[in-house]
$ cat my_file05.pdb   # PDB, C-alpha atoms
ATOM      1  CA  MET J  27     121.841  84.221  46.403
ATOM      2  CA  SER J  28     122.106  81.757  43.520
ATOM      3  CA  ALA J  29     120.482  82.465  40.168
ATOM      4  CA  ALA J  30     118.014  79.598  40.704
ATOM      5  CA  ALA J  31     117.031  80.806  44.161
ATOM      6  CA  SER J  32     116.696  84.382  42.940
ATOM      7  CA  ALA J  33     114.379  83.346  40.128
ATOM      8  CA  THR J  34     111.856  81.856  42.573
ATOM      9  CA  THR J  35     112.099  84.503  45.308
ATOM     10  CA  ASP J  36     108.667  85.838  46.216
ATOM     11  CA  LYS J  37     108.238  88.142  49.203
ATOM     12  CA  LEU J  38     105.526  90.104  47.425
ATOM     13  CA  THR J  39     102.654  87.662  47.791
ATOM     14  CA  PRO J  40     102.683  87.434  51.629
ATOM     15  CA  ARG J  41     102.381  91.222  51.914
ATOM     16  CA  ILE J  42      99.373  91.643  49.636
ATOM     17  CA  PRO J  43      96.474  90.353  51.802
ATOM     18  CA  GLY J  44      97.244  92.794  54.612
ATOM     19  CA  GLY J  45      97.228  95.813  52.310
ATOM     20  CA  LEU J  46      93.950  94.770  50.688
ATOM     21  CA  SER J  47      92.387  94.142  54.095
ATOM     22  CA  THR J  48      93.322  97.651  55.223
ATOM     23  CA  VAL J  49      91.675  99.469  52.311
ATOM     24  CA  LYS J  50      88.547  97.307  52.460
ATOM     25  CA  GLY J  51      88.216  98.113  56.156
ATOM     26  CA  TRP J  52      87.763 101.814  55.403
ATOM     27  CA  ASP J  53      84.459 101.300  53.584
ATOM     28  CA  GLU J  54      82.948  98.342  55.419
ATOM     29  CA  ASP J  55      81.039 100.425  57.971
ATOM     30  CA  PRO J  56      79.281 103.628  56.807
ATOM     31  CA  SER J  57      78.683 104.631  60.431
ATOM     32  CA  LEU J  58      82.445 104.582  61.042
ATOM     33  CA  LEU J  59      83.000 106.945  58.123
ATOM     34  CA  ALA J  60      80.337 109.235  59.579
ATOM     35  CA  GLU J  61      82.052 109.205  62.982
ATOM     36  CA  ALA J  62      85.382 110.084  61.409
ATOM     37  CA  ARG J  63      83.780 112.829  59.317
ATOM     38  CA  ASP J  64      82.306 114.421  62.446
ATOM     39  CA  LEU J  65      85.812 114.717  63.932
ATOM     40  CA  ILE J  66      87.301 116.610  60.992
ATOM     41  CA  PRO J  67      87.322 120.397  61.574
ATOM     42  CA  PHE J  68      86.365 121.404  58.040
ATOM     43  CA  ALA J  69      85.566 124.946  59.172
ATOM     44  CA  GLU J  70      89.178 125.330  60.360
ATOM     45  CA  LEU J  71      90.788 123.538  57.457
ATOM     46  CA  LEU J  72      88.995 125.545  54.778
ATOM     47  CA  PRO J  73      87.268 128.560  56.369
ATOM     48  CA  GLU J  74      87.059 130.173  52.917
ATOM     49  CA  TRP J  75      84.941 127.325  51.625
ATOM     50  CA  TYR J  76      82.947 126.898  54.807
ATOM     51  CA  SER J  77      81.756 130.502  54.929
ATOM     52  CA  ARG J  78      81.037 130.620  51.211
ATOM     53  CA  PHE J  79      79.069 127.386  50.897
ATOM     54  CA  PHE J  80      77.905 126.104  54.288
ATOM     55  CA  GLY J  81      77.417 129.368  56.142
ATOM     56  CA  GLY J  82      75.734 131.137  53.246
ATOM     57  CA  ARG J  83      73.453 128.186  52.516
ATOM     58  CA  ARG J  84      72.237 128.055  56.098
ATOM     59  CA  ARG J  85      71.445 131.788  56.174
ATOM     60  CA  ARG J  86      69.469 131.606  52.934
ATOM     61  CA  SER J  87      67.421 128.626  54.082
ATOM     62  CA  SER J  88      66.669 130.123  57.519
ATOM     63  CA  PRO J  89      66.176 133.899  57.169
ATOM     64  CA  SER J  90      64.644 134.200  60.615
ATOM     65  CA  SER J  91      67.876 132.937  62.220
ATOM     66  CA  SER J  92      70.289 134.951  60.076
ATOM     67  CA  ASP J  93      71.604 136.922  63.028
ATOM     68  CA  GLY J  94      72.616 133.740  64.804
ATOM     69  CA  ALA J  95      74.286 132.410  61.681
ATOM     70  CA  ASP J  96      76.228 135.640  61.304
ATOM     71  CA  ASP J  97      77.384 135.326  64.897
ATOM     72  CA  ALA J  98      78.502 131.743  64.237
ATOM     73  CA  ASP J  99      80.440 132.845  61.167
ATOM     74  CA  ALA J 100      82.063 135.587  63.204
ATOM     75  CA  GLY J 101      83.484 132.978  65.544
ATOM     76  CA  ARG J 102      85.124 130.999  62.764
ATOM     77  CA  PRO J 103      88.698 131.714  61.699
ATOM     78  CA  LYS J 104      89.068 133.865  58.589
ATOM     79  CA  VAL J 105      92.420 132.210  57.892
ATOM     80  CA  SER J 106      92.983 128.525  58.548
ATOM     81  CA  PRO J 107      95.234 127.773  61.544
ATOM     82  CA  TRP J 108      96.572 124.952  59.364
ATOM     83  CA  ALA J 109      97.614 127.247  56.530
ATOM     84  CA  HIS J 110     101.202 127.270  55.227
ATOM     85  CA  ARG J 111     103.131 129.758  53.128
ATOM     86  CA  ASP J 112     103.013 127.453  50.099
ATOM     87  CA  ASP J 113      99.225 127.014  50.164
ATOM     88  CA  HIS J 114      98.974 129.182  47.056
ATOM     89  CA  LYS J 115     100.282 126.210  45.076
ATOM     90  CA  TYR J 116      97.137 124.227  45.900
ATOM     91  CA  ASP J 117      93.433 124.709  45.380
ATOM     92  CA  GLY J 118      90.183 122.929  46.051
ATOM     93  CA  ASP J 119      90.437 119.350  47.231
ATOM     94  CA  ASP J 120      94.229 119.432  46.924
ATOM     95  CA  LEU J 121      94.349 122.219  49.507
ATOM     96  CA  LEU J 122      91.951 120.291  51.732
ATOM     97  CA  LEU J 123      94.221 117.239  51.551
ATOM     98  CA  LYS J 124      97.266 119.331  52.379
ATOM     99  CA  ARG J 125      95.705 120.843  55.483
ATOM    100  CA  LEU J 126      94.002 117.612  56.512
ATOM    101  CA  THR J 127      97.369 115.843  56.460
ATOM    102  CA  PHE J 128      98.997 118.534  58.590
ATOM    103  CA  TRP J 129      96.079 118.597  61.035
ATOM    104  CA  PHE J 130      96.109 114.822  61.401
ATOM    105  CA  GLN J 131      99.814 114.770  62.202
ATOM    106  CA  LYS J 132      99.307 117.310  64.988
ATOM    107  CA  GLU J 133      95.932 116.296  66.410
ATOM    108  CA  GLY J 134      94.670 113.133  64.746
ATOM    109  CA  MET J 135      96.866 110.626  66.597
ATOM    110  CA  SER J 136      99.607 110.328  69.201
ATOM    111  CA  TRP J 137     102.903 108.700  68.233
ATOM    112  CA  ILE J 138     103.960 105.889  70.571
ATOM    113  CA  ASN J 139     107.522 104.600  70.714
ATOM    114  CA  ASN J 140     107.093 102.851  74.051
ATOM    115  CA  PRO J 141     103.904 103.085  76.121
ATOM    116  CA  PRO J 142     104.047 104.326  79.738
ATOM    117  CA  CYS J 143     103.845 101.739  82.493
ATOM    118  CA  VAL J 144     100.240 100.869  83.299
ATOM    119  CA  VAL J 145     101.164 100.384  86.977
ATOM    120  CA  CYS J 146     103.230 103.456  87.921
ATOM    121  CA  GLY J 147     103.134 105.644  84.799
ATOM    122  CA  CYS J 148     106.901 105.536  84.192
ATOM    123  CA  ALA J 149     107.723 106.642  80.648
ATOM    124  CA  ASP J 150     110.980 104.695  80.384
ATOM    125  CA  THR J 151     109.576 101.254  79.641
ATOM    126  CA  SER J 152     111.584  98.955  77.368
ATOM    127  CA  ASN J 153     110.456  96.322  74.915
ATOM    128  CA  VAL J 154     111.053  92.743  76.052
ATOM    129  CA  GLY J 155     109.327  90.836  73.266
ATOM    130  CA  MET J 156     105.945  90.246  71.715
ATOM    131  CA  ARG J 157     103.127  87.732  71.528
ATOM    132  CA  GLY J 158     100.011  87.108  69.530
ATOM    133  CA  PRO J 159      96.599  88.578  70.406
ATOM    134  CA  ARG J 160      94.892  86.855  73.340
ATOM    135  CA  THR J 161      92.300  89.069  74.959
ATOM    136  CA  PRO J 162      88.878  89.697  73.399
ATOM    137  CA  GLU J 163      89.829  93.371  72.945
ATOM    138  CA  GLU J 164      93.045  92.483  71.111
ATOM    139  CA  ILE J 165      91.289  89.975  68.891
ATOM    140  CA  GLU J 166      88.314  92.226  68.118
ATOM    141  CA  GLY J 167      90.688  95.112  67.379
ATOM    142  CA  GLY J 168      92.520  93.006  64.812
ATOM    143  CA  ALA J 169      95.887  93.211  66.577
ATOM    144  CA  GLY J 170      98.520  91.544  64.411
ATOM    145  CA  ARG J 171     100.875  91.331  67.373
ATOM    146  CA  VAL J 172     101.139  92.603  70.929
ATOM    147  CA  GLU J 173     104.373  94.210  72.117
ATOM    148  CA  LEU J 174     105.441  93.579  75.730
ATOM    149  CA  TYR J 175     107.181  96.182  77.916
ATOM    150  CA  HIS J 176     109.114  96.128  81.194
ATOM    151  CA  CYS J 177     109.150  99.015  83.670
ATOM    152  CA  PRO J 178     112.528  99.795  85.339
ATOM    153  CA  THR J 179     110.860 101.728  88.160
ATOM    154  CA  CYS J 180     108.350  99.241  89.574
ATOM    155  CA  ASP J 181     109.727  96.137  87.802
ATOM    156  CA  ALA J 182     106.303  95.412  86.328
ATOM    157  CA  GLN J 183     106.064  93.553  83.056
ATOM    158  CA  THR J 184     102.371  94.051  82.480
ATOM    159  CA  THR J 185     102.370  96.916  79.940
ATOM    160  CA  THR J 186     101.333  95.890  76.447
ATOM    161  CA  PHE J 187     101.015  97.718  73.163
ATOM    162  CA  PRO J 188      98.615  95.899  70.796
ATOM    163  CA  ARG J 189      99.284  96.831  67.165
ATOM    164  CA  TYR J 190      95.672  97.224  66.150
ATOM    165  CA  ASN J 191      94.546  97.011  62.522
ATOM    166  CA  SER J 192      90.836  97.691  62.963
ATOM    167  CA  PRO J 193      90.079 101.296  61.953
ATOM    168  CA  ARG J 194      87.250 101.401  64.484
ATOM    169  CA  LYS J 195      89.629 100.453  67.283
ATOM    170  CA  LEU J 196      92.183 102.996  66.050
ATOM    171  CA  LEU J 197      89.495 105.679  66.055
ATOM    172  CA  GLU J 198      89.076 104.842  69.737
ATOM    173  CA  THR J 199      92.751 104.615  70.766
ATOM    174  CA  ARG J 200      94.141 107.309  68.407
ATOM    175  CA  ARG J 201      97.721 106.181  68.998
ATOM    176  CA  GLY J 202     100.353 104.136  67.192
ATOM    177  CA  ARG J 203     103.167 104.337  64.694
ATOM    178  CA  CYS J 204     103.271 104.640  60.917
ATOM    179  CA  GLY J 205     101.031 101.615  60.305
ATOM    180  CA  GLU J 206      98.300 102.896  62.585
ATOM    181  CA  TYR J 207      98.728 106.451  61.293
ATOM    182  CA  ALA J 208      98.320 105.451  57.641
ATOM    183  CA  ASN J 209      95.372 103.199  58.434
ATOM    184  CA  LEU J 210      93.381 105.766  60.400
ATOM    185  CA  PHE J 211      94.387 108.635  58.126
ATOM    186  CA  GLY J 212      93.121 106.636  55.151
ATOM    187  CA  LEU J 213      89.767 106.395  56.922
ATOM    188  CA  PHE J 214      89.733 110.170  57.479
ATOM    189  CA  CYS J 215      90.563 110.753  53.817
ATOM    190  CA  ARG J 216      87.730 108.461  52.745
ATOM    191  CA  ALA J 217      85.432 110.291  55.165
ATOM    192  CA  SER J 218      86.457 113.538  53.432
ATOM    193  CA  GLY J 219      85.430 112.145  50.054
ATOM    194  CA  PHE J 220      88.823 111.256  48.611
ATOM    195  CA  GLU J 221      89.619 108.170  46.588
ATOM    196  CA  VAL J 222      92.454 106.639  48.617
ATOM    197  CA  ARG J 223      95.196 104.036  48.188
ATOM    198  CA  TYR J 224      97.218 102.478  51.005
ATOM    199  CA  VAL J 225     100.928 102.507  50.119
ATOM    200  CA  SER J 226     103.369  99.991  51.570
ATOM    201  CA  ASP J 227     107.128 100.473  51.348
ATOM    202  CA  PHE J 228     108.868  97.134  51.869
ATOM    203  CA  THR J 229     111.650  98.875  53.815
ATOM    204  CA  ASP J 230     109.186  99.445  56.656
ATOM    205  CA  HIS J 231     107.014 102.494  56.137
ATOM    206  CA  VAL J 232     103.442 103.122  55.000
ATOM    207  CA  TRP J 233     101.421 106.144  53.870
ATOM    208  CA  VAL J 234      98.519 106.886  51.535
ATOM    209  CA  GLU J 235      97.903 108.368  48.113
ATOM    210  CA  CYS J 236      94.779 110.359  47.262
ATOM    211  CA  TRP J 237      93.421 110.980  43.797
ATOM    212  CA  SER J 238      93.597 114.605  42.695
ATOM    213  CA  VAL J 239      90.696 115.422  40.412
ATOM    214  CA  ARG J 240      92.296 118.725  39.433
ATOM    215  CA  GLY J 241      95.666 117.179  38.689
ATOM    216  CA  SER J 242      94.368 113.822  37.373
ATOM    217  CA  ARG J 243      97.019 112.007  39.386
ATOM    218  CA  TRP J 244      97.665 110.243  42.665
ATOM    219  CA  VAL J 245      99.124 112.513  45.345
ATOM    220  CA  HIS J 246     101.430 111.180  48.068
ATOM    221  CA  ALA J 247     100.238 112.040  51.612
ATOM    222  CA  ASP J 248     102.242 111.064  54.716
ATOM    223  CA  SER J 249     100.356 111.776  57.937
ATOM    224  CA  CYS J 250     103.389 110.897  60.074
ATOM    225  CA  GLU J 251     105.226 113.830  58.496
ATOM    226  CA  GLY J 252     102.185 116.030  57.899
ATOM    227  CA  THR J 253     103.147 116.579  54.273
ATOM    228  CA  ILE J 254     101.854 115.818  50.786
ATOM    229  CA  ASP J 255     103.270 115.577  47.274
ATOM    230  CA  GLU J 256     106.851 114.876  48.356
ATOM    231  CA  PRO J 257     107.523 111.421  46.874
ATOM    232  CA  SER J 258     111.311 111.871  46.903
ATOM    233  CA  MET J 259     111.468 112.518  50.656
ATOM    234  CA  TYR J 260     112.172 108.892  51.578
ATOM    235  CA  GLU J 261     115.100 108.280  49.264
ATOM    236  CA  HIS J 262     116.641 111.756  49.248
ATOM    237  CA  GLY J 263     115.474 113.058  52.605
ATOM    238  CA  TRP J 264     115.550 109.978  54.823
ATOM    239  CA  GLY J 265     118.250 108.138  52.893
ATOM    240  CA  LYS J 266     116.138 104.978  52.592
ATOM    241  CA  GLU J 267     117.398 102.221  50.317
ATOM    242  CA  LEU J 268     114.093 101.397  48.685
ATOM    243  CA  ASN J 269     113.185  98.229  46.819
ATOM    244  CA  TYR J 270     109.430  97.661  46.375
ATOM    245  CA  ILE J 271     106.514 100.002  47.011
ATOM    246  CA  LEU J 272     102.966  98.803  46.368
ATOM    247  CA  ALA J 273      99.743 100.845  46.315
ATOM    248  CA  PHE J 274      96.506  99.110  47.319
ATOM    249  CA  SER J 275      92.925  99.925  46.444
ATOM    250  CA  ALA J 276      89.958  97.602  46.794
ATOM    251  CA  GLU J 277      90.069  96.945  43.038
ATOM    252  CA  ARG J 278      93.776  96.853  42.240
ATOM    253  CA  VAL J 279      97.343  96.493  43.507
ATOM    254  CA  VAL J 280      99.954  98.575  41.670
ATOM    255  CA  ASP J 281     103.742  98.678  41.809
ATOM    256  CA  VAL J 282     104.443 102.408  42.291
ATOM    257  CA  THR J 283     108.146 102.116  43.125
ATOM    258  CA  ARG J 284     109.266 104.267  40.191
ATOM    259  CA  ARG J 285     107.329 107.228  41.576
ATOM    260  CA  TYR J 286     109.448 107.237  44.712
ATOM    261  CA  THR J 287     112.941 106.693  43.343
ATOM    262  CA  ARG J 288     115.317 108.132  40.769
ATOM    263  CA  LYS J 289     117.591 105.112  40.999
ATOM    264  CA  PHE J 290     115.299 102.389  39.690
ATOM    265  CA  ASN J 291     117.702 101.148  37.005
ATOM    266  CA  ALA J 292     120.807 101.386  39.182
ATOM    267  CA  ARG J 293     122.582  98.094  39.842
ATOM    268  CA  ASP J 294     122.296  98.338  43.643
ATOM    269  CA  PHE J 295     118.612  99.170  43.414
ATOM    270  CA  GLN J 296     117.892  96.198  41.173
ATOM    271  CA  ARG J 297     119.909  93.947  43.458
ATOM    272  CA  ARG J 298     117.650  94.977  46.356
ATOM    273  CA  ARG J 299     114.583  94.363  44.188
ATOM    274  CA  ARG J 300     115.700  90.827  43.483
ATOM    275  CA  THR J 301     115.749  90.022  47.223
ATOM    276  CA  ILE J 302     111.988  90.660  47.202
ATOM    277  CA  CYS J 303     111.041  89.130  43.872
ATOM    278  CA  GLY J 304     113.223  87.105  41.534
ATOM    279  CA  SER J 305     112.554  89.131  38.373
ATOM    280  CA  GLU J 306     110.473  92.023  37.112
ATOM    281  CA  SER J 307     108.390  89.671  34.983
ATOM    282  CA  HIS J 308     107.714  87.456  38.005
ATOM    283  CA  GLY J 309     106.533  90.458  40.020
ATOM    284  CA  GLU J 310     104.318  91.647  37.193
ATOM    285  CA  MET J 311     102.798  88.160  36.903
ATOM    286  CA  ILE J 312     102.023  88.066  40.650
ATOM    287  CA  LEU J 313     100.255  91.443  40.550
ATOM    288  CA  ALA J 314      98.388  90.511  37.356
ATOM    289  CA  GLN J 315      97.045  87.369  39.028
ATOM    290  CA  VAL J 316      96.024  89.308  42.139
ATOM    291  CA  ASN J 317      94.250  91.965  40.080
ATOM    292  CA  ALA J 318      92.477  89.350  37.983
ATOM    293  CA  SER J 319      91.130  87.761  41.169
ATOM    294  CA  LEU J 320      89.955  91.161  42.437
ATOM    295  CA  ARG J 321      88.039  91.755  39.212
ATOM    296  CA  ALA J 322      86.437  88.309  39.260
TER
END

$ encode --input "my_file05.pdb" --output "structure tokens"
Amino acid sequence: MSAAASATTDKLTPRIPGGLSTVKGWDEDPSLLAEARDLIPFAELLPEWYSRFFGGRRRRSSPSSSDGADDADAGRPKVSPWAHRDDHKYDGDDLLLKRLTFWFQKEGMSWINNPPCVVCGCADTSNVGMRGPRTPEEIEGGAGRVELYHCPTCDAQTTTFPRYNSPRKLLETRRGRCGEYANLFGLFCRASGFEVRYVSDFTDHVWVECWSVRGSRWVHADSCEGTIDEPSMYEHGWGKELNYILAFSAERVVDVTRRYTRKFNARDFQRRRRTICGSESHGEMILAQVNASLRA
């Protein structure tokens, strides 16, 4: 790439509207947040809290039904089935986020590499292309694209996998890949009361960050992996060659790349950065303009 071409490179701007749309979708419908909240097993995630605050409050307000409340408490787990050995490192909302992330990975959604054939149920379908959304369901669900699959058993080519972006549709389907996982998990985090950012890695992965009141910092949470507070996992664990990572809230877009790499100033890292945006100052200007428009 020539110096002139590099100076005008801008692959940041096209990615920004989608991230902003995702985070705004979490708060557009209060009834959707309520539906998501009803699906979260708070009594399992934090039985210590549940018994102390919710169970005790109900018994005090309804003395005549205290026996029934005691029976209900007896049926709840004393130790969370989502507990880990390192839970002692976390407390309060941070512990809730940790267990919520693990629960979501196991029960919140189903990972789909290739969908089973809709005709014969064969699991060995193969991707043969994609198209844009056509059906009312695909359009209403905000599908950005629709993947097409061929079945080797019955030779059918009628299986589709719409990549939905609507959190309401994802709450219905509960299946997808990292994009769908991060989108729906962000909704569940908002339903749990967290302040949430949608995080987009330009090397093809997404997750969320939640604000820790206790730690006064943003905490990485990847629902595909069921883990939190492991920002180095992508570069050092997965071996990803990162370049740009943006965090989106409804009020601001932030370049958080430095949080996820220890190689930011390395020559190879900066070379990869320049394929996305021609210079650091150019990238900063783009984000400043976006944030100014969000504040307007």

$ resolve_selection --input "my_file05.pdb" --expression "the PyMOL selection byres ((chain J and resi 122) around 12)" --output "PyMOL selection string"
chain J and resi 66-76+106+108-109+113+116-121+123-130+214-215+218-220+236+238+247+254

$ write_last_selection --input "my_file05.pdb" --atoms "C-alpha atoms" --output "PDB file, in the coordinates of the input"
ATOM      1  CA  ILE J  66      87.301 116.610  60.992  1.00  0.00           C
ATOM      2  CA  PRO J  67      87.322 120.397  61.574  1.00  0.00           C
ATOM      3  CA  PHE J  68      86.365 121.404  58.040  1.00  0.00           C
ATOM      4  CA  ALA J  69      85.566 124.946  59.172  1.00  0.00           C
ATOM      5  CA  GLU J  70      89.178 125.330  60.360  1.00  0.00           C
ATOM      6  CA  LEU J  71      90.788 123.538  57.457  1.00  0.00           C
ATOM      7  CA  LEU J  72      88.995 125.545  54.778  1.00  0.00           C
ATOM      8  CA  PRO J  73      87.268 128.560  56.369  1.00  0.00           C
ATOM      9  CA  GLU J  74      87.059 130.173  52.917  1.00  0.00           C
ATOM     10  CA  TRP J  75      84.941 127.325  51.625  1.00  0.00           C
ATOM     11  CA  TYR J  76      82.947 126.898  54.807  1.00  0.00           C
ATOM     12  CA  SER J 106      92.983 128.525  58.548  1.00  0.00           C
ATOM     13  CA  TRP J 108      96.572 124.952  59.364  1.00  0.00           C
ATOM     14  CA  ALA J 109      97.614 127.247  56.530  1.00  0.00           C
ATOM     15  CA  ASP J 113      99.225 127.014  50.164  1.00  0.00           C
ATOM     16  CA  TYR J 116      97.137 124.227  45.900  1.00  0.00           C
ATOM     17  CA  ASP J 117      93.433 124.709  45.380  1.00  0.00           C
ATOM     18  CA  GLY J 118      90.183 122.929  46.051  1.00  0.00           C
ATOM     19  CA  ASP J 119      90.437 119.350  47.231  1.00  0.00           C
ATOM     20  CA  ASP J 120      94.229 119.432  46.924  1.00  0.00           C
ATOM     21  CA  LEU J 121      94.349 122.219  49.507  1.00  0.00           C
ATOM     22  CA  LEU J 123      94.221 117.239  51.551  1.00  0.00           C
ATOM     23  CA  LYS J 124      97.266 119.331  52.379  1.00  0.00           C
ATOM     24  CA  ARG J 125      95.705 120.843  55.483  1.00  0.00           C
ATOM     25  CA  LEU J 126      94.002 117.612  56.512  1.00  0.00           C
ATOM     26  CA  THR J 127      97.369 115.843  56.460  1.00  0.00           C
ATOM     27  CA  PHE J 128      98.997 118.534  58.590  1.00  0.00           C
ATOM     28  CA  TRP J 129      96.079 118.597  61.035  1.00  0.00           C
ATOM     29  CA  PHE J 130      96.109 114.822  61.401  1.00  0.00           C
ATOM     30  CA  PHE J 214      89.733 110.170  57.479  1.00  0.00           C
ATOM     31  CA  CYS J 215      90.563 110.753  53.817  1.00  0.00           C
ATOM     32  CA  SER J 218      86.457 113.538  53.432  1.00  0.00           C
ATOM     33  CA  GLY J 219      85.430 112.145  50.054  1.00  0.00           C
ATOM     34  CA  PHE J 220      88.823 111.256  48.611  1.00  0.00           C
ATOM     35  CA  CYS J 236      94.779 110.359  47.262  1.00  0.00           C
ATOM     36  CA  SER J 238      93.597 114.605  42.695  1.00  0.00           C
ATOM     37  CA  ALA J 247     100.238 112.040  51.612  1.00  0.00           C
ATOM     38  CA  ILE J 254     101.854 115.818  50.786  1.00  0.00           C
TER      39      ILE J 254
END

$ residues_around --input "my_file05.pdb" --residues "segment 308-317 of chain J" --least-positions-apart "2" --cutoff "10 Å" --atoms "all atoms listed in the file" --output "PyMOL selection string"
chain J and resi 33-39+42-43+272+276-281+299-300+302-306+319-322

$ atom_distance --input "my_file05.pdb" --atom1 "atom CA of Tyr175 of chain J" --atom2 "atom CA of Gly147 of chain J"
12.4 Å

$ residues_around --input "my_file05.pdb" --residues "segment 154-166 of chain J" --least-positions-apart "3" --cutoff "9 Å" --atoms "all atoms listed in the file" --output "PyMOL selection string"
chain J and resi 169-176+183+186+188-190+192+195

$ residues_around --input "my_file05.pdb" --residues "Ser226 of chain J" --least-positions-apart "5" --cutoff "12 Å" --atoms "only C-alpha atoms" --output "number ranges by chain"
J: 38, 41-46, 48-49, 204-205, 208-209, 231-235, 246, 248, 268-275, 279-283, 286

$ resolve_selection --input "my_file05.pdb" --expression "the PyMOL selection byres ((chain J and resi 138) around 12)" --output "list of chain:residue names"
J:Met135, J:Ser136, J:Trp137, J:Asn139, J:Asn140, J:Pro141, J:Pro142, J:Ala149, J:Thr151, J:Glu173, J:Thr186, J:Phe187, J:Pro188, J:Arg189, J:Thr199, J:Arg200, J:Arg201, J:Gly202, J:Arg203, J:Cys204, J:Gly205, J:Glu206, J:Tyr207, J:Cys250

$ atom_distance --input "my_file05.pdb" --atom1 "atom CA of Leu58 of chain J" --atom2 "atom CA of Phe211 of chain J"
12.9 Å

$ resolve_selection --input "my_file05.pdb" --expression "the PyMOL selection byres ((chain J and resi 182) around 10)" --output "PyMOL selection string"
chain J and resi 143-146+151+175-181+183-185

$ write_last_selection --input "my_file05.pdb" --atoms "C-alpha atoms" --output "PDB file, keeping the file's coordinate frame"
ATOM      1  CA  CYS J 143     103.845 101.739  82.493  1.00  0.00           C
ATOM      2  CA  VAL J 144     100.240 100.869  83.299  1.00  0.00           C
ATOM      3  CA  VAL J 145     101.164 100.384  86.977  1.00  0.00           C
ATOM      4  CA  CYS J 146     103.230 103.456  87.921  1.00  0.00           C
ATOM      5  CA  THR J 151     109.576 101.254  79.641  1.00  0.00           C
ATOM      6  CA  TYR J 175     107.181  96.182  77.916  1.00  0.00           C
ATOM      7  CA  HIS J 176     109.114  96.128  81.194  1.00  0.00           C
ATOM      8  CA  CYS J 177     109.150  99.015  83.670  1.00  0.00           C
ATOM      9  CA  PRO J 178     112.528  99.795  85.339  1.00  0.00           C
ATOM     10  CA  THR J 179     110.860 101.728  88.160  1.00  0.00           C
ATOM     11  CA  CYS J 180     108.350  99.241  89.574  1.00  0.00           C
ATOM     12  CA  ASP J 181     109.727  96.137  87.802  1.00  0.00           C
ATOM     13  CA  GLN J 183     106.064  93.553  83.056  1.00  0.00           C
ATOM     14  CA  THR J 184     102.371  94.051  82.480  1.00  0.00           C
ATOM     15  CA  THR J 185     102.370  96.916  79.940  1.00  0.00           C
TER      16      THR J 185
END

$ closest_residue --input "my_file05.pdb" --among "J:Thr301, J:Asn191, J:Gln131, J:Ser242" --to "Lys50 of chain J" --atoms "all atoms listed in the file"
J:Asn191
